[in-house]
file start.txt (compact mmCIF, C-alpha atoms and all ligand atoms)
# COMPACT_ATOMS: atom_id res chain seq x y z
CA MET A 110 38.92 5.09 -3.10
CA ASP A 111 38.27 3.77 0.40
CA THR A 112 34.78 4.34 1.87
CA SER A 113 36.31 6.25 4.75
CA GLU A 114 37.83 8.67 2.20
CA CYS A 115 34.47 9.34 0.55
CA GLY A 116 33.42 12.88 1.34
CA ALA A 117 36.39 13.19 3.70
CA GLU A 118 36.74 16.83 2.74
CA ILE A 119 33.28 17.61 4.19
CA CYS A 120 33.85 18.39 7.84
CA SER A 121 31.41 21.22 8.49
CA LEU A 122 27.98 22.45 7.44
CA ASP A 123 29.67 25.09 5.27
CA ASP A 124 31.71 22.39 3.50
CA LEU A 125 28.50 20.43 3.01
CA ARG A 126 26.69 23.36 1.46
CA ALA A 127 29.63 24.08 -0.84
CA ASP A 128 29.46 20.46 -2.04
CA ILE A 129 25.79 20.82 -3.07
CA PRO A 130 25.73 22.88 -6.29
CA LEU A 131 21.92 23.03 -6.21
CA THR A 132 22.16 25.55 -3.36
CA ARG A 133 23.71 28.10 -5.74
CA GLN A 134 20.61 28.12 -7.89
CA TYR A 135 17.73 27.31 -5.57
CA ILE A 136 16.61 27.72 -1.99
CA TYR A 137 15.95 24.06 -1.47
CA LEU A 138 13.48 23.43 1.36
CA ASN A 139 12.28 20.00 0.29
CA SER A 140 14.74 17.49 1.77
CA CYS A 141 11.71 15.82 3.37
CA THR A 142 11.02 14.50 -0.13
CA PHE A 143 14.54 14.14 -1.59
CA GLY A 144 17.77 15.40 -0.12
CA PRO A 145 20.29 16.57 -2.73
CA VAL A 146 23.24 14.15 -2.88
CA PRO A 147 26.52 16.09 -2.39
CA ARG A 148 29.05 15.95 -5.23
CA SER A 149 31.57 13.96 -3.18
CA ILE A 150 29.01 11.23 -2.44
CA GLN A 151 28.05 11.11 -6.12
CA ALA A 152 31.75 10.74 -6.98
CA CYS A 153 32.17 8.01 -4.39
CA MET A 154 29.30 6.00 -5.91
CA ALA A 155 30.48 6.59 -9.46
CA ASP A 156 33.94 5.38 -8.48
CA ALA A 157 32.49 2.29 -6.80
CA LEU A 158 30.46 1.49 -9.91
CA ARG A 159 33.50 1.98 -12.12
CA ALA A 160 35.72 -0.17 -9.90
CA GLU A 161 33.15 -2.95 -9.72
CA ASN A 162 32.63 -3.07 -13.47
CA GLU A 163 36.17 -2.47 -14.65
CA GLU A 164 38.14 -4.41 -12.08
CA ILE A 165 36.24 -6.30 -9.44
CA ILE A 166 33.80 -8.50 -11.36
CA ALA A 167 36.74 -10.23 -13.07
CA ILE A 168 38.47 -11.03 -9.79
CA ARG A 169 35.56 -11.57 -7.41
CA GLY A 170 37.22 -14.19 -5.20
CA LYS A 171 40.62 -12.49 -5.14
CA GLU A 172 41.83 -10.18 -2.40
CA ALA A 173 40.83 -6.92 -4.13
CA GLY A 174 37.37 -8.33 -4.84
CA VAL A 175 36.93 -9.40 -1.24
CA ARG A 176 38.05 -5.92 -0.13
CA PHE A 177 35.46 -4.28 -2.39
CA TYR A 178 32.54 -6.34 -1.10
CA SER A 179 33.62 -6.03 2.50
CA ARG A 180 33.74 -2.27 1.97
CA ALA A 181 30.10 -2.46 0.87
CA GLU A 182 29.36 -4.56 3.95
CA GLN A 183 31.10 -1.95 6.10
CA ALA A 184 28.33 0.47 5.07
CA ARG A 185 25.86 -1.73 6.94
CA CYS A 186 27.99 -1.43 10.10
CA THR A 187 28.13 2.35 9.66
CA LEU A 188 24.35 2.57 9.42
CA ALA A 189 23.86 0.14 12.31
CA ASP A 190 26.16 2.30 14.40
CA LEU A 191 24.08 5.36 13.62
CA LEU A 192 20.98 3.48 14.76
CA GLY A 193 22.70 2.21 17.91
CA VAL A 194 22.23 -1.45 16.90
CA SER A 195 24.32 -4.33 15.53
CA ALA A 196 25.01 -4.93 11.85
CA GLY A 197 23.15 -8.25 12.12
CA ASP A 198 19.98 -6.32 13.00
CA VAL A 199 19.97 -4.29 9.78
CA ALA A 200 18.76 -5.30 6.32
CA TRP A 201 19.03 -3.18 3.19
CA THR A 202 15.85 -2.57 1.23
CA TYR A 203 14.92 -0.30 -1.70
CA ASN A 204 13.32 2.44 0.40
CA THR A 205 11.16 3.02 3.48
CA THR A 206 8.03 1.71 1.78
CA THR A 207 9.64 -1.64 1.01
CA ALA A 208 11.10 -1.89 4.51
CA THR A 209 7.75 -1.09 6.12
CA ARG A 210 5.95 -3.60 3.89
CA LEU A 211 8.49 -6.31 4.68
CA ALA A 212 7.99 -5.83 8.40
CA ILE A 213 4.22 -5.83 8.08
CA MET A 214 3.99 -8.78 5.69
CA GLY A 215 6.60 -10.87 7.48
CA ILE A 216 4.64 -11.65 10.62
CA GLY A 217 1.92 -13.89 9.14
CA TRP A 218 -1.63 -12.51 9.39
CA GLN A 219 -4.81 -14.49 10.03
CA PRO A 220 -8.41 -13.35 9.52
CA GLY A 221 -9.54 -11.62 12.70
CA ASP A 222 -6.09 -10.19 13.47
CA LYS A 223 -5.95 -6.45 13.92
CA LEU A 224 -3.45 -3.80 12.87
CA ALA A 225 -3.08 -0.44 14.63
CA VAL A 226 -1.77 2.67 12.89
CA THR A 227 -1.67 6.33 13.87
CA ASP A 228 -3.75 9.01 12.19
CA VAL A 229 -0.70 10.53 10.48
CA GLU A 230 0.81 7.59 8.64
CA HIS A 231 2.32 7.85 5.19
CA VAL A 232 0.11 6.81 2.30
CA SER A 233 2.29 3.71 1.75
CA THR A 234 1.40 2.39 5.23
CA ASN A 235 -2.28 3.15 4.73
CA ARG A 236 -2.19 1.26 1.44
CA ALA A 237 -0.55 -1.71 3.15
CA ALA A 238 -3.36 -1.66 5.73
CA ALA A 239 -6.03 -1.49 3.00
CA GLY A 240 -4.39 -4.42 1.20
CA LEU A 241 -4.28 -6.50 4.38
CA ALA A 242 -7.97 -5.81 4.97
CA GLN A 243 -8.81 -6.90 1.44
CA SER A 244 -6.64 -10.00 1.18
CA ARG A 245 -6.58 -11.30 4.78
CA GLY A 246 -9.55 -9.72 6.52
CA VAL A 247 -7.32 -7.74 8.89
CA GLU A 248 -9.12 -4.86 10.57
CA THR A 249 -7.23 -1.60 11.12
CA THR A 250 -7.62 0.58 14.21
CA VAL A 251 -6.56 4.21 13.74
CA ILE A 252 -5.11 5.73 16.92
CA PRO A 253 -5.74 9.49 16.99
CA SER A 254 -2.89 11.79 17.99
CA THR A 255 -4.98 14.96 17.99
CA GLY A 256 -8.46 15.42 19.41
CA PRO A 257 -11.56 16.50 17.46
CA GLY A 258 -11.25 20.15 16.45
CA GLU A 259 -7.63 20.34 17.64
CA ALA A 260 -5.74 22.02 14.81
CA VAL A 261 -2.16 21.45 15.98
CA TYR A 262 -0.58 18.44 17.70
CA ALA A 263 -0.42 19.38 21.38
CA GLY A 264 1.87 16.67 22.71
CA PRO A 265 1.98 12.97 23.51
CA ASP A 266 -0.72 12.72 26.20
CA LEU A 267 -3.80 12.34 24.01
CA PHE A 268 -2.10 9.81 21.73
CA LEU A 269 -0.89 7.69 24.65
CA GLU A 270 -4.33 7.81 26.31
CA GLN A 271 -6.00 6.73 23.08
CA LEU A 272 -3.43 4.00 22.57
CA ASP A 273 -4.04 2.73 26.08
CA ARG A 274 -7.79 2.67 25.35
CA LEU A 275 -7.72 1.17 21.85
CA LEU A 276 -4.74 -1.17 21.65
CA THR A 277 -5.59 -4.74 22.63
CA PRO A 278 -3.82 -8.11 22.49
CA ALA A 279 -5.88 -8.80 19.33
CA HIS A 280 -3.65 -6.28 17.56
CA ARG A 281 -0.65 -7.98 16.00
CA MET A 282 1.23 -4.82 15.16
CA LEU A 283 1.31 -1.07 15.84
CA VAL A 284 2.76 1.12 13.06
CA MET A 285 3.83 4.67 13.94
CA SER A 286 5.74 7.37 12.11
CA HIS A 287 8.52 8.71 14.29
CA VAL A 288 8.00 12.09 12.60
CA SER A 289 4.91 12.74 10.50
CA ASN A 290 5.52 13.61 6.86
CA ILE A 291 2.33 15.70 6.96
CA ASP A 292 3.09 18.27 9.65
CA GLY A 293 6.34 17.15 11.26
CA ARG A 294 4.82 16.12 14.61
CA ARG A 295 7.10 13.80 16.59
CA LEU A 296 5.26 10.89 18.17
CA PRO A 297 6.20 9.34 21.55
CA VAL A 298 7.42 6.11 20.00
CA THR A 299 9.39 4.81 23.00
CA GLU A 300 6.44 5.08 25.39
CA ALA A 301 4.08 3.67 22.76
CA ALA A 302 6.42 0.72 22.08
CA ARG A 303 6.46 0.01 25.83
CA MET A 304 2.66 -0.02 25.98
CA ALA A 305 2.47 -2.27 22.93
CA ARG A 306 5.03 -4.69 24.36
CA ALA A 307 3.02 -4.99 27.56
CA ARG A 308 0.08 -6.21 25.43
CA GLY A 309 2.21 -8.54 23.31
CA VAL A 310 1.82 -6.28 20.26
CA ARG A 311 4.77 -5.78 17.89
CA THR A 312 5.80 -2.25 16.92
CA LEU A 313 7.13 -0.85 13.68
CA VAL A 314 8.44 2.71 13.68
CA ASP A 315 8.62 4.49 10.31
CA GLY A 316 11.79 6.57 10.54
CA ALA A 317 11.71 8.12 7.06
CA GLN A 318 11.51 11.66 8.48
CA SER A 319 13.60 11.30 11.62
CA LEU A 320 16.95 9.71 10.82
CA GLY A 321 19.50 12.39 9.96
CA ILE A 322 17.75 15.14 11.91
CA PHE A 323 18.06 13.99 15.49
CA THR A 324 19.70 11.06 17.25
CA VAL A 325 17.83 7.81 16.84
CA ASP A 326 18.62 4.93 19.16
CA ALA A 327 16.59 2.10 17.68
CA ALA A 328 17.64 -0.32 20.42
CA ALA A 329 16.68 2.00 23.29
CA MET A 330 13.39 2.80 21.54
CA GLY A 331 12.37 -0.80 22.11
CA ALA A 332 10.49 -1.18 18.83
CA ASP A 333 10.62 -4.50 16.99
CA PHE A 334 11.14 -2.85 13.62
CA TYR A 335 12.43 0.52 12.42
CA SER A 336 12.24 1.39 8.73
CA GLY A 337 13.85 4.24 6.83
CA SER A 338 15.87 5.40 3.86
CA VAL A 339 18.94 7.56 3.26
CA HIS A 340 17.61 9.76 0.45
CA LYS A 341 15.94 12.39 2.63
CA TRP A 342 17.73 14.00 5.56
CA LEU A 343 20.92 11.97 5.21
CA LEU A 344 21.38 13.34 1.67
CA GLY A 345 22.11 9.89 0.33
CA PRO A 346 21.14 8.18 -2.91
CA PRO A 347 17.56 7.15 -3.68
CA GLY A 348 16.83 3.46 -4.17
CA ILE A 349 18.25 2.25 -0.87
CA GLY A 350 16.48 1.98 2.46
CA PHE A 351 16.79 -0.21 5.51
CA LEU A 352 14.91 -2.23 8.07
CA PHE A 353 16.08 -2.74 11.63
CA VAL A 354 14.73 -6.04 12.96
CA SER A 355 15.35 -6.63 16.66
CA SER A 356 16.91 -9.99 17.50
CA ASN A 357 13.85 -11.04 19.53
CA SER A 358 11.53 -10.35 16.62
CA ARG A 359 13.64 -12.37 14.22
CA LYS A 360 12.54 -15.61 15.87
CA GLU A 361 9.10 -15.27 14.35
CA PHE A 362 9.83 -13.18 11.33
CA ASN A 363 10.37 -14.74 7.94
CA PRO A 364 9.00 -12.51 5.18
CA PHE A 365 10.28 -14.69 2.33
CA ASP A 366 9.65 -18.11 3.88
CA PHE A 367 13.29 -19.12 3.99
CA PRO A 368 13.68 -22.80 4.90
CA VAL A 369 13.67 -23.37 8.64
CA VAL A 370 16.90 -24.87 9.93
CA LYS A 371 16.32 -27.84 12.23
CA ASP A 372 18.37 -28.31 15.36
CA ASP A 373 20.15 -31.56 16.38
CA THR A 374 17.00 -33.04 17.91
CA GLY A 375 15.09 -32.57 14.66
CA ASP A 376 12.91 -29.83 16.14
CA ALA A 377 12.08 -27.14 13.65
CA GLU A 378 14.06 -24.59 15.62
CA ARG A 379 14.82 -21.41 13.76
CA ALA A 380 18.55 -20.80 13.50
CA PRO A 381 19.51 -17.29 14.55
CA MET A 382 19.41 -15.54 11.18
CA THR A 383 20.54 -11.99 10.58
CA ALA A 384 18.12 -9.35 9.33
CA SER A 385 20.05 -9.39 6.07
CA ALA A 386 19.68 -13.16 5.64
CA LEU A 387 15.93 -12.84 6.26
CA CYS A 388 15.18 -9.82 4.12
CA GLU A 389 17.66 -9.45 1.28
CA LEU A 390 17.23 -11.35 -1.95
CA GLY A 391 19.66 -11.91 -4.81
CA THR A 392 22.33 -9.63 -6.20
CA ALA A 393 22.68 -6.19 -4.64
CA ASN A 394 23.67 -2.75 -5.91
CA TYR A 395 26.95 -2.32 -4.02
CA ALA A 396 27.60 1.21 -5.27
CA LEU A 397 24.34 2.28 -3.62
CA ARG A 398 25.32 0.62 -0.36
CA ILE A 399 28.70 2.32 -0.46
CA GLY A 400 26.97 5.65 -1.16
CA ALA A 401 24.61 5.05 1.78
CA GLY A 402 27.56 4.34 4.07
CA ALA A 403 29.38 7.43 2.82
CA CYS A 404 26.47 9.78 3.49
CA VAL A 405 26.13 8.44 7.04
CA GLU A 406 29.87 8.88 7.60
CA THR A 407 29.66 12.42 6.25
CA ALA A 408 26.84 13.29 8.66
CA ARG A 409 28.84 11.87 11.55
CA ARG A 410 31.98 13.75 10.51
CA ILE A 411 30.05 17.02 10.45
CA GLY A 412 28.44 16.06 13.76
CA LEU A 413 24.85 14.96 14.20
CA GLY A 414 24.53 17.39 17.09
CA LYS A 415 25.58 20.28 14.83
CA ILE A 416 23.10 19.23 12.15
CA GLU A 417 20.26 19.03 14.68
CA GLU A 418 21.19 22.37 16.21
CA ARG A 419 21.23 24.09 12.80
CA CYS A 420 17.86 22.55 11.91
CA ARG A 421 16.37 23.46 15.27
CA LEU A 422 17.49 27.10 15.11
CA LEU A 423 16.40 27.60 11.49
CA THR A 424 13.07 25.93 12.14
CA ALA A 425 12.45 28.14 15.19
CA ARG A 426 13.21 31.27 13.14
CA LEU A 427 11.01 30.01 10.30
CA ARG A 428 8.04 29.33 12.58
CA ALA A 429 8.42 32.63 14.46
CA GLY A 430 8.49 34.50 11.13
CA LEU A 431 5.55 32.58 9.71
CA ARG A 432 3.38 33.39 12.71
CA LEU A 433 3.65 37.09 11.80
CA VAL A 434 2.53 36.62 8.19
CA PRO A 435 -1.16 37.54 7.74
CA GLY A 436 -3.31 35.01 5.88
CA ILE A 437 -1.54 31.82 6.95
CA ARG A 438 -1.32 29.58 10.00
CA VAL A 439 1.36 27.16 11.11
CA ALA A 440 -0.01 23.61 11.36
CA SER A 441 3.12 22.16 13.00
CA PRO A 442 3.77 22.16 16.74
CA GLU A 443 5.93 25.02 17.97
CA GLU A 444 8.33 23.06 20.20
CA TRP A 445 11.24 21.24 18.63
CA GLU A 446 10.75 18.29 20.99
CA LEU A 447 7.22 17.80 19.67
CA SER A 448 8.21 18.24 16.08
CA SER A 449 11.22 18.24 13.80
CA SER A 450 12.57 19.94 10.68
CA VAL A 451 9.24 19.76 8.87
CA THR A 452 6.93 22.77 9.07
CA THR A 453 3.58 22.86 7.29
CA ILE A 454 1.52 25.98 6.79
CA GLN A 455 -2.11 26.34 5.80
CA LEU A 456 -3.60 29.30 3.99
CA ASP A 457 -6.71 31.07 5.26
CA GLU A 458 -9.44 30.16 2.78
CA GLY A 459 -6.87 27.74 1.43
CA THR A 460 -7.83 25.59 -1.51
CA PRO A 461 -5.57 23.05 -3.23
CA GLU A 462 -5.34 25.48 -6.17
CA ARG A 463 -4.20 28.39 -3.97
CA CYS A 464 -1.61 26.22 -2.23
CA GLN A 465 -0.31 24.88 -5.53
CA ARG A 466 -0.17 28.39 -7.00
CA PHE A 467 1.88 29.49 -3.98
CA VAL A 468 4.29 26.56 -4.43
CA GLU A 469 4.63 27.28 -8.17
CA ARG A 470 5.21 31.02 -7.75
CA LEU A 471 7.81 30.42 -5.04
CA LEU A 472 9.70 28.29 -7.51
CA GLU A 473 9.24 30.45 -10.59
CA GLU A 474 9.82 33.85 -9.02
CA TYR A 475 12.19 33.07 -6.16
CA GLY A 476 13.78 29.71 -6.94
CA ILE A 477 12.36 28.37 -3.65
CA VAL A 478 11.45 24.68 -3.54
CA VAL A 479 8.73 23.53 -1.10
CA LYS A 480 5.93 20.98 -1.44
CA TYR A 481 2.14 20.93 -1.47
CA ARG A 482 0.67 18.51 1.12
CA PRO A 483 -2.79 17.39 0.07
CA GLU A 484 -3.59 15.60 3.37
CA ILE A 485 -4.16 18.90 5.16
CA CYS A 486 -4.22 21.20 2.15
CA GLY A 487 -0.96 22.76 3.23
CA VAL A 488 2.50 23.71 2.08
CA ARG A 489 5.42 21.83 3.62
CA ILE A 490 8.80 23.40 4.28
CA GLY A 491 11.74 21.17 5.22
CA VAL A 492 14.86 22.70 6.74
CA ALA A 493 18.10 20.72 6.36
CA GLY A 494 21.59 21.18 7.78
CA PHE A 495 22.85 22.82 4.56
CA ASN A 496 20.20 25.55 4.67
CA THR A 497 21.08 28.99 6.01
CA ASN A 498 19.52 31.87 7.94
CA GLU A 499 19.56 34.01 4.82
CA GLU A 500 17.50 31.41 2.98
CA ILE A 501 14.89 31.37 5.73
CA GLU A 502 14.69 35.18 5.65
CA GLN A 503 14.28 35.09 1.86
CA PHE A 504 11.55 32.48 2.13
CA LEU A 505 9.71 34.61 4.72
CA ALA A 506 10.01 37.75 2.59
CA ALA A 507 8.73 35.86 -0.47
CA THR A 508 5.80 34.52 1.57
CA VAL A 509 4.83 37.99 2.83
CA HIS A 510 4.90 39.23 -0.75
CA LEU A 511 3.05 36.36 -2.44
CA ILE A 512 0.27 35.44 -0.01
CA PRO A 513 -1.89 38.55 -0.69
CA GLN A 514 -1.48 37.96 -4.44
CA ILE A 515 -2.53 34.34 -4.84
C1 LIG B 601 6.94 9.09 6.97
C2 LIG B 601 7.22 8.50 5.63
N1 LIG B 601 7.12 7.18 5.46
C3 LIG B 601 7.37 6.58 4.29
C4 LIG B 601 7.77 7.32 3.20
C5 LIG B 601 8.05 6.60 1.92
O1 LIG B 601 9.42 6.65 1.71
P1 LIG B 601 10.14 5.95 0.48
O2 LIG B 601 9.96 6.85 -0.67
O3 LIG B 601 11.56 5.85 0.94
O4 LIG B 601 9.53 4.64 0.28
C6 LIG B 601 7.89 8.70 3.31
C7 LIG B 601 8.29 9.51 2.15
O5 LIG B 601 8.05 10.68 2.05
C8 LIG B 601 7.63 9.31 4.56
O6 LIG B 601 7.75 10.62 4.72
call {"tool": "encode", "arguments": {"input": "start.txt", "output": "structure tokens", "more": "lines below"}}
Ligand SMILES: Cc1ncc(COP(=O)(O)O)c(C=O)c1O
result
Amino acid sequence: MDTSECGAEICSLDDLRADIPLTRQYIYLNSCTFGPVPRSIQACMADALRAENEEIIAIRGKEAGVRFYSRAEQARCTLADLLGVSAGDVAWTYNTTTATRLAIMGIGWQPGDKLAVTDVEHVSTNRAAAGLAQSRGVETTVIPSTGPGEAVYAGPDLFLEQLDRLLTPAHRMLVMSHVSNIDGRRLPVTEAARMARARGVRTLVDGAQSLGIFTVDAAAMGADFYSGSVHKWLLGPPGIGFLFVSSNSRKEFNPFDFPVVKDDTGDAERAPMTASALCELGTANYALRIGAGACVETARRIGLGKIEERCRLLTARLRAGLRLVPGIRVASPEEWELSSSVTTIQLDEGTPERCQRFVERLLEEYGIVVKYRPEICGVRIGVAGFNTNEEIEQFLAATVHLIPQI
């Protein structure tokens, strides 16, 4: 099977839904954690694994072997294309966490250096910051994106003002989620990257919750690094993520201390290395790479614009319905441009136990899958391209019914 044939039968959102058997049993509103991998992508990976083990490993250097590995390499080009960058700018990693860590750890920290993060970073970034503080004496500055007492993200102004006030040339790096996994707020990453660049500060954008929902142009964004995975909104396999490393940043980025190549004069001049050469180690899982390429191709065949439009409309209906349900409040911004496909609700007099009971009863009584978010004691609902209007209506009806009972 050629990569371009993988999932070729999926040309619309209806085809996509039909290729996800889970949707016949559950109302799955948790793609912000794991997207279900469509059957055709599973088949594509299984076939790649079979071909590699039954044919290719015996004839690695021969034409068919070369074709197989170049097909895996093609997946990198497909992903790079989606990000609006070159294949040489993209490295495969295990997941977003590994990609984010690589970017952070690869720039060489000294005691007294500072790291800046936003107030809505994923736990994996906060743990990286805590580790840097402990092992290298790096101080972290948290840039607020909402003001004191402000319940819902109101837009980029406050964050950009605070960034302007708090970010200094002593900061080596600014880490920002493109879309928060807590409440779905969308941060002004392009403007923030511009401000950081003006101070000589590198930027890393965590794209775990953005890629696959709306168009991401990593080059135009102007960040030095962009990390992500395919197992959420792109409905790809878990265990494979990526790191975009801009060509400028690669001059001083060497996370694994690869030997420096000297130029003709003997100066220790770094040769222009690709992101892959700098970040990838040892033997790879080619079936996963092929699966990652196939899920990106599937999204493009359906149309990224169509996926975004479906998510936008369903999210708007969801939020409008939720605002009419007594006993809850929506913690995510109303406007699509300030948010994304993630909507988090909080319960009046909400306790972790009440939220968890709500999540459990939705699953047990209605087959609805959502997730408890401890950071704000909320319940997170993620709307993907394969979800439907009927599912949103059923979720709203279930919510109206359950909230007074829990
Ligand atoms: C914003 C954000 N960053 C990082 C991660 C970690 O992703 P991964 O499991 O791919 O390492 C997540 C996962 O939920 C996330 O939402």
call {"tool": "residues_around", "arguments": {"input": "start.txt", "residues": "Leu471 (chain A)", "least_positions_apart": "3", "cutoff": "12 Å", "atoms": "all atoms listed in the file", "output": "PyMOL selection string"}}
result
chain A and resi 135-138+464-468+474-481+488+490+503-512+514-515
call {"tool": "write_last_selection", "arguments": {"input": "start.txt", "atoms": "C-alpha atoms", "output": "PDB file, keeping the file's coordinate frame"}}
result
ATOM      1  CA  TYR A 135      17.730  27.310  -5.570  1.00  0.00           C
ATOM      2  CA  ILE A 136      16.610  27.720  -1.990  1.00  0.00           C
ATOM      3  CA  TYR A 137      15.950  24.060  -1.470  1.00  0.00           C
ATOM      4  CA  LEU A 138      13.480  23.430   1.360  1.00  0.00           C
ATOM      5  CA  CYS A 464      -1.610  26.220  -2.230  1.00  0.00           C
ATOM      6  CA  GLN A 465      -0.310  24.880  -5.530  1.00  0.00           C
ATOM      7  CA  ARG A 466      -0.170  28.390  -7.000  1.00  0.00           C
ATOM      8  CA  PHE A 467       1.880  29.490  -3.980  1.00  0.00           C
ATOM      9  CA  VAL A 468       4.290  26.560  -4.430  1.00  0.00           C
ATOM     10  CA  GLU A 474       9.820  33.850  -9.020  1.00  0.00           C
ATOM     11  CA  TYR A 475      12.190  33.070  -6.160  1.00  0.00           C
ATOM     12  CA  GLY A 476      13.780  29.710  -6.940  1.00  0.00           C
ATOM     13  CA  ILE A 477      12.360  28.370  -3.650  1.00  0.00           C
ATOM     14  CA  VAL A 478      11.450  24.680  -3.540  1.00  0.00           C
ATOM     15  CA  VAL A 479       8.730  23.530  -1.100  1.00  0.00           C
ATOM     16  CA  LYS A 480       5.930  20.980  -1.440  1.00  0.00           C
ATOM     17  CA  TYR A 481       2.140  20.930  -1.470  1.00  0.00           C
ATOM     18  CA  VAL A 488       2.500  23.710   2.080  1.00  0.00           C
ATOM     19  CA  ILE A 490       8.800  23.400   4.280  1.00  0.00           C
ATOM     20  CA  GLN A 503      14.280  35.090   1.860  1.00  0.00           C
ATOM     21  CA  PHE A 504      11.550  32.480   2.130  1.00  0.00           C
ATOM     22  CA  LEU A 505       9.710  34.610   4.720  1.00  0.00           C
ATOM     23  CA  ALA A 506      10.010  37.750   2.590  1.00  0.00           C
ATOM     24  CA  ALA A 507       8.730  35.860  -0.470  1.00  0.00           C
ATOM     25  CA  THR A 508       5.800  34.520   1.570  1.00  0.00           C
ATOM     26  CA  VAL A 509       4.830  37.990   2.830  1.00  0.00           C
ATOM     27  CA  HIS A 510       4.900  39.230  -0.750  1.00  0.00           C
ATOM     28  CA  LEU A 511       3.050  36.360  -2.440  1.00  0.00           C
ATOM     29  CA  ILE A 512       0.270  35.440  -0.010  1.00  0.00           C
ATOM     30  CA  GLN A 514      -1.480  37.960  -4.440  1.00  0.00           C
ATOM     31  CA  ILE A 515      -2.530  34.340  -4.840  1.00  0.00           C
TER      32      ILE A 515
END
call {"tool": "residues_around", "arguments": {"input": "start.txt", "residues": "Asp273 (chain A)", "least_positions_apart": "6", "cutoff": "9 Å", "atoms": "all atoms listed in the file", "output": "JSON, numbers by chain"}}
result
{"A": [301, 304, 305]}
call {"tool": "write_last_selection", "arguments": {"input": "start.txt", "atoms": "C-alpha atoms", "output": "short mmCIF file (atom, residue, chain, number, x, y, z; two decimals), keeping the file's coordinate frame"}}
result
data_model
loop_
_atom_site.label_atom_id
_atom_site.label_comp_id
_atom_site.auth_asym_id
_atom_site.auth_seq_id
_atom_site.Cartn_x
_atom_site.Cartn_y
_atom_site.Cartn_z
CA ALA A 301 4.08 3.67 22.76
CA MET A 304 2.66 -0.02 25.98
CA ALA A 305 2.47 -2.27 22.93
#
call {"tool": "residues_near_ligand", "arguments": {"input": "start.txt", "ligand": "ligand LIG 601 (chain B)", "cutoff": "10 Å", "atoms": "all atoms listed in the file", "output": "VMD selection string"}}
result
chain A and resid 140 to 143 202 to 210 229 to 234 285 to 291 293 314 to 319 336 to 341 347 to 351
call {"tool": "residues_around", "arguments": {"input": "start.txt", "residues": "Asp326 (chain A)", "least_positions_apart": "4", "cutoff": "7 Å", "atoms": "only C-alpha atoms", "output": "number ranges by chain"}}
result
A: 192-193, 330
call {"tool": "atom_distance", "arguments": {"input": "start.txt", "atom1": "CA of Gly430 (chain A)", "atom2": "CA of Gly412 (chain A)"}}
result
27.3 Å
call {"tool": "atom_distance", "arguments": {"input": "start.txt", "atom1": "CA of Ala184 (chain A)", "atom2": "CA of Asn139 (chain A)"}}
result
25.7 Å
call {"tool": "closest_residue", "arguments": {"input": "start.txt", "among": "A:Arg308, A:Arg359, A:Arg245, A:Arg463", "to": "Arg274 (chain A)", "atoms": "all atoms listed in the file"}}
result
A:Arg308
call {"tool": "residues_around", "arguments": {"input": "start.txt", "residues": "region 439-453 of chain A", "least_positions_apart": "4", "cutoff": "9 Å", "atoms": "all atoms listed in the file", "output": "VMD selection string"}}
result
chain A and resid 141 260 to 265 288 to 297 318 to 319 322 to 323 417 420 to 421 423 to 425 427 to 429 431 to 432 482 485 487 to 493
call {"tool": "residues_around", "arguments": {"input": "start.txt", "residues": "Ser244 (chain A)", "least_positions_apart": "3", "cutoff": "10 Å", "atoms": "all atoms listed in the file", "output": "number ranges by chain"}}
result
A: 218, 220, 239-241, 247
call {"tool": "atom_distance", "arguments": {"input": "start.txt", "atom1": "CA of Asp457 (chain A)", "atom2": "CA of Pro257 (chain A)"}}
result
19.6 Å
